[in-house]
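Listing of input-v1.cif, mmCIF, N, CA and C atoms
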```
data_start
loop_
_atom_site.label_atom_id
_atom_site.label_comp_id
_atom_site.auth_asym_id
_atom_site.auth_seq_id
_atom_site.Cartn_x
_atom_site.Cartn_y
_atom_site.Cartn_z
N MET R 407 193.51 110.08 100.13
CA MET R 407 192.12 110.49 100.24
C MET R 407 192.05 111.94 100.73
N TYR R 408 191.19 112.74 100.10
CA TYR R 408 191.04 114.14 100.47
C TYR R 408 189.90 114.28 101.48
N ILE R 409 190.18 114.90 102.60
CA ILE R 409 189.17 115.11 103.63
C ILE R 409 188.59 116.51 103.45
N CYS R 410 187.26 116.59 103.35
CA CYS R 410 186.60 117.89 103.19
C CYS R 410 186.69 118.66 104.50
N LYS R 411 187.16 119.89 104.40
CA LYS R 411 187.20 120.72 105.59
C LYS R 411 186.80 122.14 105.21
N MET R 412 186.50 122.93 106.20
CA MET R 412 186.09 124.31 105.96
C MET R 412 187.22 125.11 105.35
N TYR R 413 186.83 126.04 104.47
CA TYR R 413 187.81 126.96 103.93
C TYR R 413 188.16 127.99 104.99
N SER R 414 189.36 128.52 104.94
CA SER R 414 189.79 129.50 105.93
C SER R 414 189.00 130.80 105.76
N LYS R 415 188.90 131.54 106.85
CA LYS R 415 188.21 132.84 106.82
C LYS R 415 188.90 133.79 105.84
N GLU R 416 190.23 133.69 105.77
CA GLU R 416 190.99 134.55 104.87
C GLU R 416 190.63 134.29 103.41
N LEU R 417 190.41 133.04 103.07
CA LEU R 417 190.08 132.67 101.70
C LEU R 417 188.66 133.09 101.32
N THR R 418 187.72 132.95 102.24
CA THR R 418 186.31 133.22 101.91
C THR R 418 185.89 134.67 102.13
N LYS R 419 186.68 135.43 102.87
CA LYS R 419 186.28 136.79 103.25
C LYS R 419 185.77 137.64 102.09
N GLY R 420 186.49 137.68 101.00
CA GLY R 420 186.11 138.52 99.87
C GLY R 420 184.94 138.01 99.06
N THR R 421 184.52 136.77 99.32
CA THR R 421 183.42 136.20 98.54
C THR R 421 182.09 136.15 99.29
N LEU R 422 182.10 136.50 100.57
CA LEU R 422 180.87 136.39 101.35
C LEU R 422 179.74 137.28 100.82
N GLN R 423 180.05 138.52 100.50
CA GLN R 423 179.00 139.42 100.01
C GLN R 423 178.38 138.89 98.71
N PRO R 424 179.19 138.51 97.72
CA PRO R 424 178.58 137.95 96.50
C PRO R 424 177.79 136.66 96.76
N ILE R 425 178.29 135.82 97.65
CA ILE R 425 177.59 134.57 97.98
C ILE R 425 176.22 134.89 98.58
N ILE R 426 176.19 135.78 99.55
CA ILE R 426 174.94 136.15 100.21
C ILE R 426 173.97 136.77 99.21
N LEU R 427 174.46 137.68 98.40
CA LEU R 427 173.62 138.35 97.41
C LEU R 427 173.02 137.35 96.42
N LYS R 428 173.85 136.48 95.89
CA LYS R 428 173.40 135.49 94.91
C LYS R 428 172.35 134.57 95.52
N LEU R 429 172.58 134.14 96.75
CA LEU R 429 171.65 133.23 97.41
C LEU R 429 170.31 133.90 97.69
N VAL R 430 170.34 135.09 98.26
CA VAL R 430 169.08 135.80 98.57
C VAL R 430 168.32 136.09 97.27
N ASN R 431 169.04 136.40 96.22
CA ASN R 431 168.41 136.67 94.93
C ASN R 431 167.72 135.43 94.35
N SER R 432 168.23 134.26 94.71
CA SER R 432 167.66 133.01 94.18
C SER R 432 166.34 132.64 94.85
N ARG R 433 165.99 133.33 95.89
CA ARG R 433 164.75 133.07 96.63
C ARG R 433 163.91 134.35 96.66
N GLU R 434 162.68 134.22 97.05
CA GLU R 434 161.84 135.40 97.19
C GLU R 434 162.34 136.27 98.34
N LYS R 435 162.65 135.61 99.46
CA LYS R 435 163.19 136.30 100.63
C LYS R 435 163.82 135.26 101.55
N MET R 436 164.77 135.71 102.37
CA MET R 436 165.44 134.82 103.32
C MET R 436 165.76 135.58 104.60
N TYR R 437 165.83 134.86 105.71
CA TYR R 437 166.27 135.48 106.97
C TYR R 437 167.67 135.00 107.29
N GLY R 438 168.33 135.70 108.18
CA GLY R 438 169.75 135.50 108.45
C GLY R 438 170.17 134.07 108.72
N TYR R 439 169.55 133.43 109.69
CA TYR R 439 169.93 132.05 110.04
C TYR R 439 169.72 131.13 108.85
N GLU R 440 168.65 131.36 108.12
CA GLU R 440 168.36 130.55 106.94
C GLU R 440 169.50 130.67 105.90
N ILE R 441 170.02 131.88 105.74
CA ILE R 441 171.12 132.11 104.80
C ILE R 441 172.35 131.30 105.22
N THR R 442 172.71 131.38 106.51
CA THR R 442 173.90 130.66 106.98
C THR R 442 173.74 129.15 106.80
N GLN R 443 172.57 128.63 107.10
CA GLN R 443 172.34 127.19 106.99
C GLN R 443 172.32 126.72 105.54
N GLU R 444 171.76 127.52 104.66
CA GLU R 444 171.70 127.15 103.24
C GLU R 444 173.09 127.14 102.62
N VAL R 445 173.92 128.12 102.97
CA VAL R 445 175.30 128.16 102.46
C VAL R 445 176.06 126.93 102.97
N LYS R 446 175.90 126.63 104.24
CA LYS R 446 176.57 125.46 104.83
C LYS R 446 176.12 124.18 104.12
N LYS R 447 174.83 124.06 103.86
CA LYS R 447 174.28 122.88 103.20
C LYS R 447 174.78 122.77 101.75
N MET R 448 174.72 123.88 101.02
CA MET R 448 175.12 123.88 99.60
C MET R 448 176.61 123.57 99.42
N THR R 449 177.43 123.94 100.40
CA THR R 449 178.88 123.75 100.28
C THR R 449 179.37 122.56 101.11
N SER R 450 178.46 121.74 101.56
CA SER R 450 178.80 120.57 102.39
C SER R 450 179.66 120.97 103.59
N GLY R 451 179.36 122.13 104.16
CA GLY R 451 180.05 122.59 105.36
C GLY R 451 181.38 123.28 105.11
N LYS R 452 181.78 123.43 103.84
CA LYS R 452 183.07 124.06 103.55
C LYS R 452 183.06 125.57 103.77
N ILE R 453 181.88 126.17 103.63
CA ILE R 453 181.76 127.61 103.91
C ILE R 453 180.75 127.76 105.03
N ASP R 454 181.21 128.32 106.13
CA ASP R 454 180.38 128.52 107.32
C ASP R 454 180.40 130.01 107.64
N ILE R 455 179.29 130.67 107.39
CA ILE R 455 179.21 132.12 107.62
C ILE R 455 178.73 132.36 109.05
N SER R 456 179.55 133.01 109.84
CA SER R 456 179.17 133.31 111.22
C SER R 456 178.21 134.50 111.24
N GLU R 457 177.47 134.62 112.32
CA GLU R 457 176.57 135.77 112.48
C GLU R 457 177.37 137.07 112.48
N GLY R 458 178.56 137.01 113.06
CA GLY R 458 179.43 138.19 113.12
C GLY R 458 179.89 138.66 111.76
N ALA R 459 179.93 137.77 110.79
CA ALA R 459 180.28 138.14 109.42
C ALA R 459 179.03 138.46 108.60
N LEU R 460 177.95 137.73 108.85
CA LEU R 460 176.73 137.87 108.05
C LEU R 460 176.02 139.21 108.23
N TYR R 461 175.71 139.56 109.47
CA TYR R 461 174.86 140.72 109.69
C TYR R 461 175.47 142.06 109.28
N PRO R 462 176.77 142.27 109.47
CA PRO R 462 177.34 143.52 108.93
C PRO R 462 177.20 143.63 107.40
N ILE R 463 177.33 142.49 106.72
CA ILE R 463 177.17 142.49 105.26
C ILE R 463 175.72 142.79 104.90
N LEU R 464 174.78 142.14 105.57
CA LEU R 464 173.35 142.38 105.30
C LEU R 464 172.99 143.84 105.55
N HIS R 465 173.47 144.40 106.65
CA HIS R 465 173.16 145.80 106.98
C HIS R 465 173.78 146.76 105.97
N LYS R 466 174.99 146.46 105.52
CA LYS R 466 175.66 147.29 104.51
C LYS R 466 174.87 147.26 103.19
N LEU R 467 174.44 146.08 102.77
CA LEU R 467 173.68 145.94 101.53
C LEU R 467 172.32 146.62 101.64
N GLU R 468 171.73 146.56 102.82
CA GLU R 468 170.45 147.24 103.06
C GLU R 468 170.64 148.76 102.97
N ALA R 469 171.71 149.28 103.57
CA ALA R 469 172.00 150.72 103.55
C ALA R 469 172.25 151.22 102.13
N LYS R 470 172.84 150.36 101.29
CA LYS R 470 173.10 150.73 99.90
C LYS R 470 171.86 150.65 99.01
N GLY R 471 170.76 150.10 99.55
CA GLY R 471 169.54 149.95 98.77
C GLY R 471 169.54 148.70 97.91
N VAL R 472 170.46 147.79 98.17
CA VAL R 472 170.55 146.55 97.41
C VAL R 472 169.58 145.50 97.97
N LEU R 473 169.39 145.54 99.29
CA LEU R 473 168.45 144.64 99.96
C LEU R 473 167.36 145.45 100.63
N ASP R 474 166.19 144.86 100.67
CA ASP R 474 165.06 145.44 101.39
C ASP R 474 164.70 144.45 102.49
N THR R 475 164.09 144.92 103.55
CA THR R 475 163.74 144.03 104.66
C THR R 475 162.24 144.04 104.93
N GLU R 476 161.82 142.94 105.52
CA GLU R 476 160.42 142.78 105.93
C GLU R 476 160.43 142.08 107.28
N LYS R 477 159.76 142.68 108.25
CA LYS R 477 159.69 142.06 109.58
C LYS R 477 158.41 141.24 109.67
N VAL R 478 158.57 140.00 110.14
CA VAL R 478 157.44 139.10 110.30
C VAL R 478 157.42 138.65 111.75
N PHE R 479 156.25 138.79 112.38
CA PHE R 479 156.11 138.37 113.78
C PHE R 479 155.74 136.90 113.83
N ILE R 480 156.57 136.15 114.57
CA ILE R 480 156.33 134.72 114.75
C ILE R 480 156.18 134.52 116.25
N GLY R 481 154.93 134.45 116.68
CA GLY R 481 154.68 134.42 118.12
C GLY R 481 155.12 135.73 118.72
N LYS R 482 156.02 135.68 119.70
CA LYS R 482 156.54 136.89 120.34
C LYS R 482 157.85 137.35 119.71
N ARG R 483 158.34 136.60 118.73
CA ARG R 483 159.61 136.93 118.10
C ARG R 483 159.40 137.64 116.77
N VAL R 484 160.39 138.41 116.38
CA VAL R 484 160.36 139.09 115.10
C VAL R 484 161.45 138.49 114.23
N ARG R 485 161.07 138.08 113.04
CA ARG R 485 162.06 137.56 112.09
C ARG R 485 162.20 138.57 110.96
N LYS R 486 163.43 138.93 110.67
CA LYS R 486 163.70 139.93 109.63
C LYS R 486 164.11 139.21 108.35
N TYR R 487 163.29 139.37 107.32
CA TYR R 487 163.56 138.77 106.02
C TYR R 487 164.23 139.79 105.11
N TYR R 488 165.13 139.30 104.28
CA TYR R 488 165.84 140.14 103.32
C TYR R 488 165.46 139.71 101.92
N LYS R 489 165.31 140.68 101.03
CA LYS R 489 165.09 140.36 99.62
C LYS R 489 165.82 141.39 98.77
N VAL R 490 166.22 140.96 97.58
CA VAL R 490 166.98 141.81 96.68
C VAL R 490 166.04 142.81 96.00
N THR R 491 166.44 144.08 96.00
CA THR R 491 165.65 145.13 95.36
C THR R 491 165.87 145.08 93.84
N LYS R 492 165.09 145.87 93.13
CA LYS R 492 165.27 145.98 91.68
C LYS R 492 166.69 146.42 91.35
N GLU R 493 167.16 147.43 92.08
CA GLU R 493 168.52 147.93 91.88
C GLU R 493 169.56 146.85 92.24
N GLY R 494 169.23 146.07 93.24
CA GLY R 494 170.12 145.01 93.69
C GLY R 494 170.30 143.90 92.67
N LYS R 495 169.29 143.66 91.86
CA LYS R 495 169.38 142.61 90.84
C LYS R 495 170.49 142.91 89.84
N GLN R 496 170.69 144.18 89.53
CA GLN R 496 171.79 144.57 88.64
C GLN R 496 173.14 144.26 89.31
N MET R 497 173.22 144.53 90.61
CA MET R 497 174.46 144.25 91.35
C MET R 497 174.72 142.74 91.37
N VAL R 498 173.68 141.94 91.52
CA VAL R 498 173.83 140.48 91.52
C VAL R 498 174.44 140.03 90.19
N ALA R 499 173.92 140.57 89.10
CA ALA R 499 174.44 140.21 87.77
C ALA R 499 175.91 140.60 87.65
N GLU R 500 176.26 141.78 88.14
CA GLU R 500 177.65 142.27 88.06
C GLU R 500 178.61 141.42 88.90
N VAL R 501 178.21 141.13 90.14
CA VAL R 501 179.12 140.35 91.00
C VAL R 501 179.22 138.91 90.52
N THR R 502 178.15 138.38 89.95
CA THR R 502 178.20 137.02 89.40
C THR R 502 179.19 136.96 88.25
N GLU R 503 179.13 137.93 87.36
CA GLU R 503 180.06 137.99 86.24
C GLU R 503 181.50 138.15 86.74
N GLU R 504 181.68 139.03 87.73
CA GLU R 504 183.02 139.27 88.27
C GLU R 504 183.58 138.01 88.94
N ILE R 505 182.79 137.34 89.75
CA ILE R 505 183.23 136.13 90.44
C ILE R 505 183.59 135.04 89.43
N ASN R 506 182.75 134.84 88.42
CA ASN R 506 183.04 133.82 87.41
C ASN R 506 184.33 134.13 86.66
N ASP R 507 184.56 135.40 86.35
CA ASP R 507 185.79 135.80 85.68
C ASP R 507 187.00 135.55 86.61
N PHE R 508 186.84 135.87 87.89
CA PHE R 508 187.89 135.65 88.87
C PHE R 508 188.24 134.17 88.98
N ILE R 509 187.22 133.32 89.02
CA ILE R 509 187.43 131.87 89.09
C ILE R 509 188.22 131.39 87.86
N ASN R 510 187.83 131.87 86.70
CA ASN R 510 188.55 131.50 85.47
C ASN R 510 190.01 131.95 85.52
N THR R 511 190.23 133.14 86.07
CA THR R 511 191.60 133.65 86.20
C THR R 511 192.40 132.80 87.18
N LEU R 512 191.81 132.43 88.30
CA LEU R 512 192.50 131.56 89.27
C LEU R 512 192.85 130.22 88.65
N GLN R 513 191.98 129.72 87.78
CA GLN R 513 192.27 128.44 87.14
C GLN R 513 193.50 128.52 86.26
N LEU R 514 193.76 129.69 85.70
CA LEU R 514 194.97 129.87 84.90
C LEU R 514 196.22 129.67 85.75
N ILE R 515 196.12 130.06 87.00
CA ILE R 515 197.26 129.97 87.92
C ILE R 515 197.33 128.60 88.60
N PHE R 516 196.19 128.11 89.06
CA PHE R 516 196.19 126.91 89.89
C PHE R 516 195.84 125.62 89.16
N ASN R 517 195.59 125.68 87.87
CA ASN R 517 195.27 124.49 87.11
C ASN R 517 196.41 123.50 87.26
N THR R 518 196.07 122.28 87.64
CA THR R 518 197.11 121.27 87.88
C THR R 518 197.74 120.75 86.59
N GLU R 519 197.12 121.02 85.48
CA GLU R 519 197.65 120.56 84.20
C GLU R 519 198.22 121.76 83.41
N ILE R 520 199.04 122.56 84.08
CA ILE R 520 199.64 123.72 83.43
C ILE R 520 200.49 123.22 82.26
N GLN R 521 200.20 123.80 81.12
CA GLN R 521 200.93 123.38 79.92
C GLN R 521 202.32 124.03 79.91
N LYS R 522 203.26 123.22 79.52
CA LYS R 522 204.64 123.70 79.46
C LYS R 522 204.90 124.32 78.09
N LEU R 523 205.70 125.39 78.10
CA LEU R 523 206.03 126.06 76.84
C LEU R 523 207.04 125.27 76.03
#
```

Could I get this structure in the form of structure tokens?
Amino acid sequence: MYICKMYSKELTKGTLQPIILKLVNSREKMYGYEITQEVKKMTSGKIDISEGALYPILHKLEAKGVLDTEKVFIGKRVRKYYKVTKEGKQMVAEVTEEINDFINTLQLIFNTEIQKL
């Protein structure tokens, strides 16, 4: 029996930015905690994005003009929402294509039914 467990940080590190971008693009807007919880839910807990990993990526994407932010006051707190810009939508398409191609390439190596010559 296979027990589901979290993927290692080393394995997921290079995919966090595309994951975050794709997820935020799928919604009108999202805030940081919401992003982490949605990824955890969608992957049944296999990918857990820490705040320490999430916010540097969000800030980098915002600085590049890929994400835009909107501050919303909730009582005395401020919640910062992120949304993909027009320019960012092109990046989402590019990283989605690249990730899918990468997955196909990995399958060539890790496919359990490797055909013998």

So that each row is one residue of segment 477-510 of chain R with an atom at most 6 Å from segment 428-431 of chain R, can you give its shortest atom pair and the distance in Å to one decimal, using only N, CA and C atoms, rows by chain and rising number, as JSON lines?
```
{"residue": "R:Lys489", "atom": "CA", "partner": "R:Val430", "partner_atom": "C", "distance": 5.8}
{"residue": "R:Val490", "atom": "N", "partner": "R:Val430", "partner_atom": "C", "distance": 5.3}
{"residue": "R:Val498", "atom": "CA", "partner": "R:Lys428", "partner_atom": "N", "distance": 5.9}
```

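Here the PyMOL selection byres (((chain R and resi 472 and name CA) around 9) and name CA) matches the residues R:Leu427, R:Lys466, R:Leu467, R:Glu468, R:Ala469, R:Lys470, R:Gly471, R:Leu473, R:Asp474, R:Lys489, R:Val490, R:Thr491, R:Lys492, R:Glu493, R:Gly494, R:Lys495, R:Met497.
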
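Interatomic distance, atom CA of Lys411 of chain R against atom CA of Asn510 of chain R: 22.9 Å.
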
Query - Those of segment 452-514 of chain R in DSSP strand (DSSP E), formatted as a list in words - result: Leu473, Asp474, Thr475, Glu476, Lys477, Val478, Phe479, Ile480, Arg483, Val484, Arg485, Lys486, Tyr487, Tyr488, Lys489 and Val490 of chain R

Next, the residues of the selection above should be written as a tab-separated table (two decimals), in the frame of the given file with N, CA and C atoms.
```tsv
chain	number	residue	atom	x	y	z
R	473	LEU	N	169.39	145.54	99.29
R	473	LEU	CA	168.45	144.64	99.96
R	473	LEU	C	167.36	145.45	100.63
R	474	ASP	N	166.19	144.86	100.67
R	474	ASP	CA	165.06	145.44	101.39
R	474	ASP	C	164.70	144.45	102.49
R	475	THR	N	164.09	144.92	103.55
R	475	THR	CA	163.74	144.03	104.66
R	475	THR	C	162.24	144.04	104.93
R	476	GLU	N	161.82	142.94	105.52
R	476	GLU	CA	160.42	142.78	105.93
R	476	GLU	C	160.43	142.08	107.28
R	477	LYS	N	159.76	142.68	108.25
R	477	LYS	CA	159.69	142.06	109.58
R	477	LYS	C	158.41	141.24	109.67
R	478	VAL	N	158.57	140.00	110.14
R	478	VAL	CA	157.44	139.10	110.30
R	478	VAL	C	157.42	138.65	111.75
R	479	PHE	N	156.25	138.79	112.38
R	479	PHE	CA	156.11	138.37	113.78
R	479	PHE	C	155.74	136.90	113.83
R	480	ILE	N	156.57	136.15	114.57
R	480	ILE	CA	156.33	134.72	114.75
R	480	ILE	C	156.18	134.52	116.25
R	483	ARG	N	158.34	136.60	118.73
R	483	ARG	CA	159.61	136.93	118.10
R	483	ARG	C	159.40	137.64	116.77
R	484	VAL	N	160.39	138.41	116.38
R	484	VAL	CA	160.36	139.09	115.10
R	484	VAL	C	161.45	138.49	114.23
R	485	ARG	N	161.07	138.08	113.04
R	485	ARG	CA	162.06	137.56	112.09
R	485	ARG	C	162.20	138.57	110.96
R	486	LYS	N	163.43	138.93	110.67
R	486	LYS	CA	163.70	139.93	109.63
R	486	LYS	C	164.11	139.21	108.35
R	487	TYR	N	163.29	139.37	107.32
R	487	TYR	CA	163.56	138.77	106.02
R	487	TYR	C	164.23	139.79	105.11
R	488	TYR	N	165.13	139.30	104.28
R	488	TYR	CA	165.84	140.14	103.32
R	488	TYR	C	165.46	139.71	101.92
R	489	LYS	N	165.31	140.68	101.03
R	489	LYS	CA	165.09	140.36	99.62
R	489	LYS	C	165.82	141.39	98.77
R	490	VAL	N	166.22	140.96	97.58
R	490	VAL	CA	166.98	141.81	96.68
R	490	VAL	C	166.04	142.81	96.00
```

Requested in this report: May I ask which of the residues R:Thr511, R:Gln443, R:Ser456, R:Glu434 is the closest one to Thr475 of chain R, counting only C-alpha atoms?
Outcome: R:Glu434

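The two atoms in question, atom CA of Val501 of chain R and atom N of Tyr487 of chain R, are spaced 22.8 Å apart.
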
Query raised in the report: Quick one: residues within 8 Å of Leu460 of chain R, all atoms listed in the file counted, chain neighbours fewer than 5 positions away excluded, as number ranges by chain?
Result: R: 422, 438, 442, 455, 465-466

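The list of residues with at least one atom within 12 Å of Val478 of chain R, based on only C-alpha atoms and without residues fewer than 6 positions apart in the same chain, reads Lys435, Met436, Tyr437, Val484, Arg485, Lys486, Tyr487 and Tyr488 of chain R.
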
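Compared by their closest atoms to Ile505 of chain R, and using only C-alpha atoms, the residues R:Leu464, R:Glu416, R:Pro424, R:Lys477 rank with R:Pro424 nearest.
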
Name the residues of segment 428-476 of chain R that come out as alpha helix (DSSP H) in a backbone DSSP run; write them as a compact mmCIF listing (two decimals) with N, CA and C atoms, in the frame of the given file.
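As written to disk, selection.txt reads:
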```txt
# COMPACT_ATOMS: atom_id res chain seq x y z
N LYS R 428 173.85 136.48 95.89
CA LYS R 428 173.40 135.49 94.91
C LYS R 428 172.35 134.57 95.52
N LEU R 429 172.58 134.14 96.75
CA LEU R 429 171.65 133.23 97.41
C LEU R 429 170.31 133.90 97.69
N VAL R 430 170.34 135.09 98.26
CA VAL R 430 169.08 135.80 98.57
C VAL R 430 168.32 136.09 97.27
N ASN R 431 169.04 136.40 96.22
CA ASN R 431 168.41 136.67 94.93
C ASN R 431 167.72 135.43 94.35
N GLY R 438 168.33 135.70 108.18
CA GLY R 438 169.75 135.50 108.45
C GLY R 438 170.17 134.07 108.72
N TYR R 439 169.55 133.43 109.69
CA TYR R 439 169.93 132.05 110.04
C TYR R 439 169.72 131.13 108.85
N GLU R 440 168.65 131.36 108.12
CA GLU R 440 168.36 130.55 106.94
C GLU R 440 169.50 130.67 105.90
N ILE R 441 170.02 131.88 105.74
CA ILE R 441 171.12 132.11 104.80
C ILE R 441 172.35 131.30 105.22
N THR R 442 172.71 131.38 106.51
CA THR R 442 173.90 130.66 106.98
C THR R 442 173.74 129.15 106.80
N GLN R 443 172.57 128.63 107.10
CA GLN R 443 172.34 127.19 106.99
C GLN R 443 172.32 126.72 105.54
N GLU R 444 171.76 127.52 104.66
CA GLU R 444 171.70 127.15 103.24
C GLU R 444 173.09 127.14 102.62
N VAL R 445 173.92 128.12 102.97
CA VAL R 445 175.30 128.16 102.46
C VAL R 445 176.06 126.93 102.97
N LYS R 446 175.90 126.63 104.24
CA LYS R 446 176.57 125.46 104.83
C LYS R 446 176.12 124.18 104.12
N LYS R 447 174.83 124.06 103.86
CA LYS R 447 174.28 122.88 103.20
C LYS R 447 174.78 122.77 101.75
N MET R 448 174.72 123.88 101.02
CA MET R 448 175.12 123.88 99.60
C MET R 448 176.61 123.57 99.42
N GLU R 457 177.47 134.62 112.32
CA GLU R 457 176.57 135.77 112.48
C GLU R 457 177.37 137.07 112.48
N GLY R 458 178.56 137.01 113.06
CA GLY R 458 179.43 138.19 113.12
C GLY R 458 179.89 138.66 111.76
N ALA R 459 179.93 137.77 110.79
CA ALA R 459 180.28 138.14 109.42
C ALA R 459 179.03 138.46 108.60
N LEU R 460 177.95 137.73 108.85
CA LEU R 460 176.73 137.87 108.05
C LEU R 460 176.02 139.21 108.23
N TYR R 461 175.71 139.56 109.47
CA TYR R 461 174.86 140.72 109.69
C TYR R 461 175.47 142.06 109.28
N PRO R 462 176.77 142.27 109.47
CA PRO R 462 177.34 143.52 108.93
C PRO R 462 177.20 143.63 107.40
N ILE R 463 177.33 142.49 106.72
CA ILE R 463 177.17 142.49 105.26
C ILE R 463 175.72 142.79 104.90
N LEU R 464 174.78 142.14 105.57
CA LEU R 464 173.35 142.38 105.30
C LEU R 464 172.99 143.84 105.55
N HIS R 465 173.47 144.40 106.65
CA HIS R 465 173.16 145.80 106.98
C HIS R 465 173.78 146.76 105.97
N LYS R 466 174.99 146.46 105.52
CA LYS R 466 175.66 147.29 104.51
C LYS R 466 174.87 147.26 103.19
N LEU R 467 174.44 146.08 102.77
CA LEU R 467 173.68 145.94 101.53
C LEU R 467 172.32 146.62 101.64
N GLU R 468 171.73 146.56 102.82
CA GLU R 468 170.45 147.24 103.06
C GLU R 468 170.64 148.76 102.97
N ALA R 469 171.71 149.28 103.57
CA ALA R 469 172.00 150.72 103.55
C ALA R 469 172.25 151.22 102.13
```

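When atom CA of Lys419 of chain R is paired with atom N of Ile515 of chain R, their separation reads 20.2 Å.
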
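Closest to Lys452 of chain R among R:Thr421, R:Ser432, R:Ser414, R:Asn506 is R:Ser414, based on all atoms listed in the file.
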